[in-house]
file query_39.cif (mmCIF, C-alpha atoms)
data_model
loop_
_atom_site.label_atom_id
_atom_site.label_comp_id
_atom_site.auth_asym_id
_atom_site.auth_seq_id
_atom_site.Cartn_x
_atom_site.Cartn_y
_atom_site.Cartn_z
CA MET A 1 2.19 9.96 20.67
CA ASN A 2 3.88 8.94 17.43
CA GLU A 3 4.21 5.27 16.66
CA LYS A 4 5.21 3.22 13.63
CA LYS A 5 4.48 -0.53 13.58
CA LEU A 6 5.19 -3.15 10.94
CA PHE A 7 1.84 -4.05 9.33
CA ASN A 8 2.83 -7.06 7.16
CA ASP A 9 0.90 -9.82 8.95
CA GLY A 10 -2.64 -10.96 8.21
CA TRP A 11 -2.97 -9.97 4.54
CA GLU A 12 -4.91 -12.03 2.00
CA PHE A 13 -4.55 -12.02 -1.78
CA ALA A 14 -6.62 -12.70 -4.90
CA LYS A 15 -5.85 -12.10 -8.57
CA THR A 16 -8.09 -11.17 -11.53
CA ASP A 17 -7.75 -10.03 -15.10
CA LEU A 18 -7.85 -6.32 -15.97
CA ASN A 19 -11.63 -6.35 -16.55
CA ALA A 20 -12.52 -6.84 -12.87
CA VAL A 21 -14.17 -3.79 -11.33
CA SER A 22 -14.39 -5.01 -7.73
CA SER A 23 -13.18 -7.73 -5.41
CA ASP A 24 -16.70 -9.01 -4.74
CA GLY A 25 -16.90 -12.79 -4.95
CA LEU A 26 -13.15 -13.36 -5.06
CA ILE A 27 -11.56 -16.14 -3.05
CA PHE A 28 -8.77 -14.62 -0.97
CA LYS A 29 -5.88 -16.71 0.36
CA PRO A 30 -3.37 -15.77 3.07
CA VAL A 31 -0.15 -14.27 1.76
CA ALA A 32 3.14 -13.25 3.34
CA LEU A 33 4.38 -9.73 2.66
CA PRO A 34 6.50 -8.65 0.89
CA HIS A 35 4.79 -10.40 -2.06
CA ASP A 36 5.22 -10.57 -5.85
CA TRP A 37 2.45 -12.41 -7.66
CA LEU A 38 4.20 -12.55 -11.06
CA ILE A 39 7.14 -14.63 -9.84
CA TYR A 40 4.91 -17.70 -9.30
CA ASP A 41 4.49 -18.25 -13.08
CA THR A 42 7.90 -17.86 -14.67
CA GLN A 43 6.41 -18.56 -18.10
CA ASN A 44 4.32 -15.40 -17.85
CA LEU A 45 6.41 -12.75 -16.06
CA TYR A 46 4.70 -9.90 -17.89
CA GLU A 47 1.07 -10.86 -17.34
CA ASP A 48 -1.49 -8.04 -17.27
CA SER A 49 -3.56 -8.52 -14.12
CA ILE A 50 -4.98 -7.01 -10.95
CA GLY A 51 -3.84 -8.11 -7.51
CA TRP A 52 -6.22 -7.54 -4.62
CA TYR A 53 -4.79 -7.39 -1.09
CA ARG A 54 -7.17 -7.44 1.87
CA LYS A 55 -6.67 -7.13 5.61
CA ASP A 56 -8.97 -6.77 8.60
CA TYR A 57 -7.96 -4.15 11.12
CA HIS A 58 -9.45 -3.56 14.58
CA HIS A 59 -9.40 0.11 15.52
CA SER A 60 -10.32 1.92 18.74
CA LYS A 61 -11.28 5.55 18.20
CA ASN A 62 -8.93 8.02 19.86
CA ASN A 63 -7.43 11.42 19.22
CA HIS A 64 -4.79 10.23 16.79
CA SER A 65 -4.33 10.16 13.05
CA VAL A 66 -3.84 6.74 11.47
CA LEU A 67 -1.79 6.32 8.30
CA LEU A 68 -0.86 3.38 6.12
CA CYS A 69 2.66 3.61 4.71
CA PHE A 70 3.77 1.45 1.81
CA ASP A 71 7.49 1.13 1.13
CA GLY A 72 6.83 -0.27 -2.35
CA VAL A 73 3.84 -1.34 -4.44
CA TYR A 74 4.15 -2.14 -8.12
CA MET A 75 2.39 -0.77 -10.15
CA ASP A 76 -0.75 1.41 -9.93
CA SER A 77 -2.46 1.14 -6.54
CA TYR A 78 -5.85 2.14 -5.13
CA LEU A 79 -6.41 2.05 -1.37
CA TYR A 80 -9.92 1.46 0.04
CA VAL A 81 -10.97 1.41 3.68
CA ASN A 82 -14.44 0.05 4.39
CA GLY A 83 -15.29 0.44 0.70
CA LYS A 84 -14.23 4.11 0.52
CA LEU A 85 -11.45 5.12 -1.88
CA ILE A 86 -8.76 6.77 0.24
CA GLY A 87 -6.13 7.44 -2.39
CA THR A 88 -4.11 6.24 -5.34
CA TRP A 89 -0.43 5.95 -6.15
CA LYS A 90 0.67 5.64 -9.76
CA TYR A 91 4.37 5.03 -9.40
CA GLY A 92 5.79 1.71 -8.29
CA TYR A 93 9.31 2.63 -7.25
CA SER A 94 8.76 5.01 -4.34
CA SER A 95 7.18 4.84 -0.91
CA PHE A 96 3.88 6.56 -0.16
CA GLU A 97 1.36 6.93 2.64
CA HIS A 98 -2.35 7.61 3.00
CA ASP A 99 -4.18 9.00 6.03
CA ILE A 100 -7.04 6.56 6.70
CA THR A 101 -8.36 8.16 9.92
CA GLU A 102 -11.65 9.50 8.54
CA ALA A 103 -12.64 6.17 6.98
CA LEU A 104 -12.06 4.06 10.10
CA ASN A 105 -14.91 2.76 12.24
CA ASP A 106 -14.65 1.97 15.92
CA GLY A 107 -14.12 -1.81 15.82
CA GLU A 108 -13.54 -3.94 12.72
CA ASN A 109 -12.44 -2.38 9.42
CA GLU A 110 -11.57 -3.77 6.00
CA ILE A 111 -8.49 -2.52 4.20
CA LEU A 112 -8.33 -3.32 0.48
CA LEU A 113 -5.48 -2.47 -1.87
CA LYS A 114 -6.08 -2.90 -5.61
CA VAL A 115 -2.83 -3.16 -7.59
CA VAL A 116 -2.99 -2.95 -11.38
CA HIS A 117 -0.05 -4.36 -13.37
CA GLN A 118 0.22 -3.81 -17.14
CA SER A 119 3.14 -4.56 -19.43
CA PRO A 120 5.29 -3.21 -20.92
CA ASN A 121 6.24 -0.89 -18.09
CA SER A 122 9.94 -1.24 -17.30
CA ARG A 123 13.24 -2.16 -18.90
CA TRP A 124 13.71 -4.98 -16.40
CA TYR A 125 11.51 -7.43 -14.55
CA SER A 126 9.45 -5.24 -12.25
CA GLY A 127 7.42 -7.76 -10.31
CA ALA A 128 3.89 -6.98 -9.18
CA GLY A 129 2.32 -6.45 -5.79
CA ILE A 130 3.28 -5.21 -2.35
CA TYR A 131 6.98 -5.95 -2.75
CA ARG A 132 8.19 -4.08 0.34
CA ASN A 133 7.00 -3.54 3.92
CA VAL A 134 3.74 -1.93 5.01
CA TRP A 135 3.66 0.23 8.15
CA LEU A 136 0.85 1.50 10.38
CA LYS A 137 1.57 4.96 11.77
CA THR A 138 -0.36 6.64 14.53
CA ARG A 139 0.35 10.23 15.47
CA ASP A 140 -1.18 13.18 17.25
CA TYR A 141 -3.52 15.39 15.23
CA ASN A 142 -0.99 18.19 15.66
CA HIS A 143 2.13 16.95 13.92
CA ILE A 144 4.72 17.62 11.28
CA VAL A 145 3.79 15.87 8.05
CA THR A 146 6.07 13.15 6.71
CA ASN A 147 8.94 14.72 4.77
CA GLY A 148 7.54 18.12 5.73
CA VAL A 149 10.64 19.74 7.19
CA TYR A 150 13.76 20.57 5.23
CA ILE A 151 16.92 22.08 6.65
CA SER A 152 19.70 23.62 4.63
CA THR A 153 22.86 25.41 5.60
CA LYS A 154 24.87 28.16 3.99
CA GLN A 155 28.58 27.94 3.58
CA LEU A 156 30.13 30.96 5.22
CA SER A 157 33.08 32.54 3.49
CA ASP A 158 36.43 32.47 5.27
#
call {"tool": "encode", "arguments": {"input": "query_39.cif", "output": "structure tokens"}}
result
Amino acid sequence: MNEKKLFNDGWEFAKTDLNAVSSDGLIFKPVALPHDWLIYDTQNLYEDSIGWYRKDYHHSKNNHSVLLCFDGVYMDSYLYVNGKLIGTWKYGYSSFEHDITEALNDGENEILLKVVHQSPNSRWYSGAGIYRNVWLKTRDYNHIVTNGVYISTKQLSD
């Protein structure tokens, strides 16, 4: 069983300065993904800040791996599931995924993505946040990893 579902609904967002070490005590508000938090203040398009994205996810234990796939997050991201750091991604222009299976509980789970934006970082306006789709993948434990198979051919001479 391999499945890929759009996972954009139900996210909440809060913003802090760069000194924040956790999301404790923040007031989260619903947000629609894709999302760019810098665009809301056009007088400060290069603000240094941290965006915190949170989502509740109900999971039923089974014999499948569960991955979160991000098509684009700008800039440096840190993914937590139930308070456990799952992984980081330090490049904002490419997609990435993290296997969250081991951190999931049977029942309710909290997914938290910390996104750090610092300027200068690009020649053009980069935006900040989850600026592309998020996907939830489930797959059998025995599987081919994403981008794990490459095929090439040889040109035969005449």
call {"tool": "resolve_selection", "arguments": {"input": "query_39.cif", "expression": "the PyMOL selection byres ((chain A and resi 111-127) around 8)", "output": "NGL selection string"}}
result
:A and (18 or 36-39 or 45-57 or 73-83 or 109-110 or 128-129 or 131)
call {"tool": "closest_residue", "arguments": {"input": "query_39.cif", "among": "A:Ile130, A:Leu156, A:Ala103, A:Leu26", "to": "A:Phe7", "atoms": "all atoms listed in the file"}}
result
A:Ile130
call {"tool": "residues_around", "arguments": {"input": "query_39.cif", "residues": "A:Asn8", "least_positions_apart": "4", "cutoff": "9 Å", "atoms": "all atoms listed in the file", "output": "PyMOL selection string"}}
result
chain A and resi 32-34+133-135
call {"tool": "write_last_selection", "arguments": {"input": "query_39.cif", "atoms": "C-alpha atoms", "output": "CSV table (one decimal), in the frame of the given file"}}
result
chain,number,residue,atom,x,y,z
A,32,ALA,CA,3.1,-13.2,3.3
A,33,LEU,CA,4.4,-9.7,2.7
A,34,PRO,CA,6.5,-8.6,0.9
A,133,ASN,CA,7.0,-3.5,3.9
A,134,VAL,CA,3.7,-1.9,5.0
A,135,TRP,CA,3.7,0.2,8.2
call {"tool": "residues_around", "arguments": {"input": "query_39.cif", "residues": "A:Lys137", "least_positions_apart": "2", "cutoff": "12 Å", "atoms": "only C-alpha atoms", "output": "JSON, numbers by chain"}}
result
{"A": [1, 2, 3, 4, 5, 6, 7, 64, 65, 66, 67, 68, 69, 70, 97, 98, 99, 100, 101, 134, 135, 139, 140, 145, 146]}
call {"tool": "atom_distance", "arguments": {"input": "query_39.cif", "atom1": "atom CA of A:Lys29", "atom2": "atom CA of A:Ser94"}}
result
26.6 Å
call {"tool": "atom_distance", "arguments": {"input": "query_39.cif", "atom1": "atom CA of A:Arg132", "atom2": "atom CA of A:Asp106"}}
result
28.3 Å
call {"tool": "closest_residue", "arguments": {"input": "query_39.cif", "among": "A:Gln43, A:Gly107, A:Val149, A:Asp9", "to": "A:His58", "atoms": "only C-alpha atoms"}}
result
A:Gly107
call {"tool": "atom_distance", "arguments": {"input": "query_39.cif", "atom1": "atom CA of A:Asn62", "atom2": "atom CA of A:Leu136"}}
result
15.1 Å
call {"tool": "closest_residue", "arguments": {"input": "query_39.cif", "among": "A:Lys90, A:His59, A:Lys15, A:Lys84", "to": "A:Glu108", "atoms": "only C-alpha atoms"}}
result
A:His59
call {"tool": "residues_around", "arguments": {"input": "query_39.cif", "residues": "A:Phe28", "least_positions_apart": "5", "cutoff": "7 Å", "atoms": "only C-alpha atoms", "output": "count of residues only"}}
result
3
call {"tool": "axis_aligned_box", "arguments": {"input": "query_39.cif", "around": "stretch 1-5 of chain A", "padding_each_side": "4 Å", "output": "JSON"}}
result
{"center_x": 3.7, "center_y": 4.7, "center_z": 17.1, "size_x": 11.0, "size_y": 18.5, "size_z": 15.1}
call {"tool": "decode", "arguments": {"input": "query_39.cif", "residues": "stretch 53-140 of chain A", "atoms": "C-alpha atoms", "output": "mmCIF file, in the first residue's frame"}}
result
data_model
loop_
_atom_site.group_PDB
_atom_site.id
_atom_site.type_symbol
_atom_site.label_atom_id
_atom_site.label_comp_id
_atom_site.auth_asym_id
_atom_site.auth_seq_id
_atom_site.Cartn_x
_atom_site.Cartn_y
_atom_site.Cartn_z
ATOM 1 C CA TYR A 53 3.529 25.886 11.857
ATOM 2 C CA ARG A 54 1.480 23.426 13.888
ATOM 3 C CA LYS A 55 -0.981 20.708 12.958
ATOM 4 C CA ASP A 56 -2.766 17.945 14.843
ATOM 5 C CA TYR A 57 -2.755 14.559 13.181
ATOM 6 C CA HIS A 58 -4.746 11.473 14.185
ATOM 7 C CA HIS A 59 -2.837 8.272 13.469
ATOM 8 C CA SER A 60 -3.822 4.615 13.752
ATOM 9 C CA LYS A 61 -0.852 2.289 14.184
ATOM 10 C CA ASN A 62 -0.384 -0.144 11.315
ATOM 11 C CA ASN A 63 2.410 -1.784 9.367
ATOM 12 C CA HIS A 64 3.200 1.222 7.217
ATOM 13 C CA SER A 65 5.798 3.962 7.168
ATOM 14 C CA VAL A 66 4.492 7.523 7.389
ATOM 15 C CA LEU A 67 6.380 10.401 5.772
ATOM 16 C CA LEU A 68 5.828 14.128 5.547
ATOM 17 C CA CYS A 69 6.868 15.600 2.210
ATOM 18 C CA PHE A 70 7.373 19.324 1.761
ATOM 19 C CA ASP A 71 7.487 20.708 -1.776
ATOM 20 C CA GLY A 72 9.008 23.975 -0.545
ATOM 21 C CA VAL A 73 9.850 25.621 2.786
ATOM 22 C CA TYR A 74 11.890 28.797 2.986
ATOM 23 C CA MET A 75 14.356 28.928 4.719
ATOM 24 C CA ASP A 76 15.845 26.679 7.433
ATOM 25 C CA SER A 77 13.311 24.189 8.797
ATOM 26 C CA TYR A 78 13.134 21.897 11.824
ATOM 27 C CA LEU A 79 10.418 19.238 12.000
ATOM 28 C CA TYR A 80 9.133 18.015 15.382
ATOM 29 C CA VAL A 81 6.548 15.325 16.041
ATOM 30 C CA ASN A 82 5.217 15.131 19.596
ATOM 31 C CA GLY A 83 8.140 17.268 20.749
ATOM 32 C CA LYS A 84 10.807 15.044 19.156
ATOM 33 C CA LEU A 85 13.124 16.526 16.520
ATOM 34 C CA ILE A 86 12.675 14.404 13.396
ATOM 35 C CA GLY A 87 14.924 16.257 10.988
ATOM 36 C CA THR A 88 16.097 19.516 9.496
ATOM 37 C CA TRP A 89 16.339 20.965 6.008
ATOM 38 C CA LYS A 90 18.649 23.887 5.362
ATOM 39 C CA TYR A 91 17.831 24.752 1.783
ATOM 40 C CA GLY A 92 14.659 26.544 0.789
ATOM 41 C CA TYR A 93 14.436 25.828 -2.915
ATOM 42 C CA SER A 94 14.056 22.057 -3.059
ATOM 43 C CA SER A 95 11.562 19.495 -1.841
ATOM 44 C CA PHE A 96 12.354 17.161 1.057
ATOM 45 C CA GLU A 97 10.718 14.497 3.180
ATOM 46 C CA HIS A 98 11.068 13.086 6.678
ATOM 47 C CA ASP A 99 9.960 9.673 7.942
ATOM 48 C CA ILE A 100 7.873 10.373 11.066
ATOM 49 C CA THR A 101 6.761 6.780 11.767
ATOM 50 C CA GLU A 102 8.800 6.195 14.940
ATOM 51 C CA ALA A 103 7.608 9.418 16.595
ATOM 52 C CA LEU A 104 3.883 8.819 16.027
ATOM 53 C CA ASN A 105 1.551 7.702 18.805
ATOM 54 C CA ASP A 106 -1.619 5.738 18.291
ATOM 55 C CA GLY A 107 -4.225 8.527 18.370
ATOM 56 C CA GLU A 108 -3.539 12.271 18.461
ATOM 57 C CA ASN A 109 -0.143 13.683 17.477
ATOM 58 C CA GLU A 110 1.276 17.190 17.207
ATOM 59 C CA ILE A 111 3.331 18.150 14.167
ATOM 60 C CA LEU A 112 5.400 21.322 14.526
ATOM 61 C CA LEU A 113 7.567 22.895 11.843
ATOM 62 C CA LYS A 114 9.940 25.685 12.893
ATOM 63 C CA VAL A 115 11.048 27.842 9.947
ATOM 64 C CA VAL A 116 13.898 30.307 10.466
ATOM 65 C CA HIS A 117 14.217 33.208 8.012
ATOM 66 C CA GLN A 118 17.266 35.499 8.058
ATOM 67 C CA SER A 119 18.261 38.155 5.544
ATOM 68 C CA PRO A 120 20.195 38.650 3.377
ATOM 69 C CA ASN A 121 19.775 35.246 1.783
ATOM 70 C CA SER A 122 18.839 35.627 -1.874
ATOM 71 C CA ARG A 123 19.211 37.987 -4.805
ATOM 72 C CA TRP A 124 15.435 38.292 -5.083
ATOM 73 C CA TYR A 125 12.478 38.298 -2.735
ATOM 74 C CA SER A 126 12.450 34.797 -1.296
ATOM 75 C CA GLY A 127 9.376 34.821 0.887
ATOM 76 C CA ALA A 128 9.255 32.842 4.117
ATOM 77 C CA GLY A 129 7.274 29.825 5.222
ATOM 78 C CA ILE A 130 5.665 26.754 3.717
ATOM 79 C CA TYR A 131 5.296 28.225 0.245
ATOM 80 C CA ARG A 132 4.370 25.001 -1.559
ATOM 81 C CA ASN A 133 2.243 21.918 -0.853
ATOM 82 C CA VAL A 134 2.720 19.432 1.978
ATOM 83 C CA TRP A 135 2.014 15.739 1.397
ATOM 84 C CA LEU A 136 1.420 12.785 3.724
ATOM 85 C CA LYS A 137 2.842 9.552 2.323
ATOM 86 C CA THR A 138 2.126 6.104 3.673
ATOM 87 C CA ARG A 139 3.950 3.089 2.311
ATOM 88 C CA ASP A 140 4.819 -0.475 3.168
#
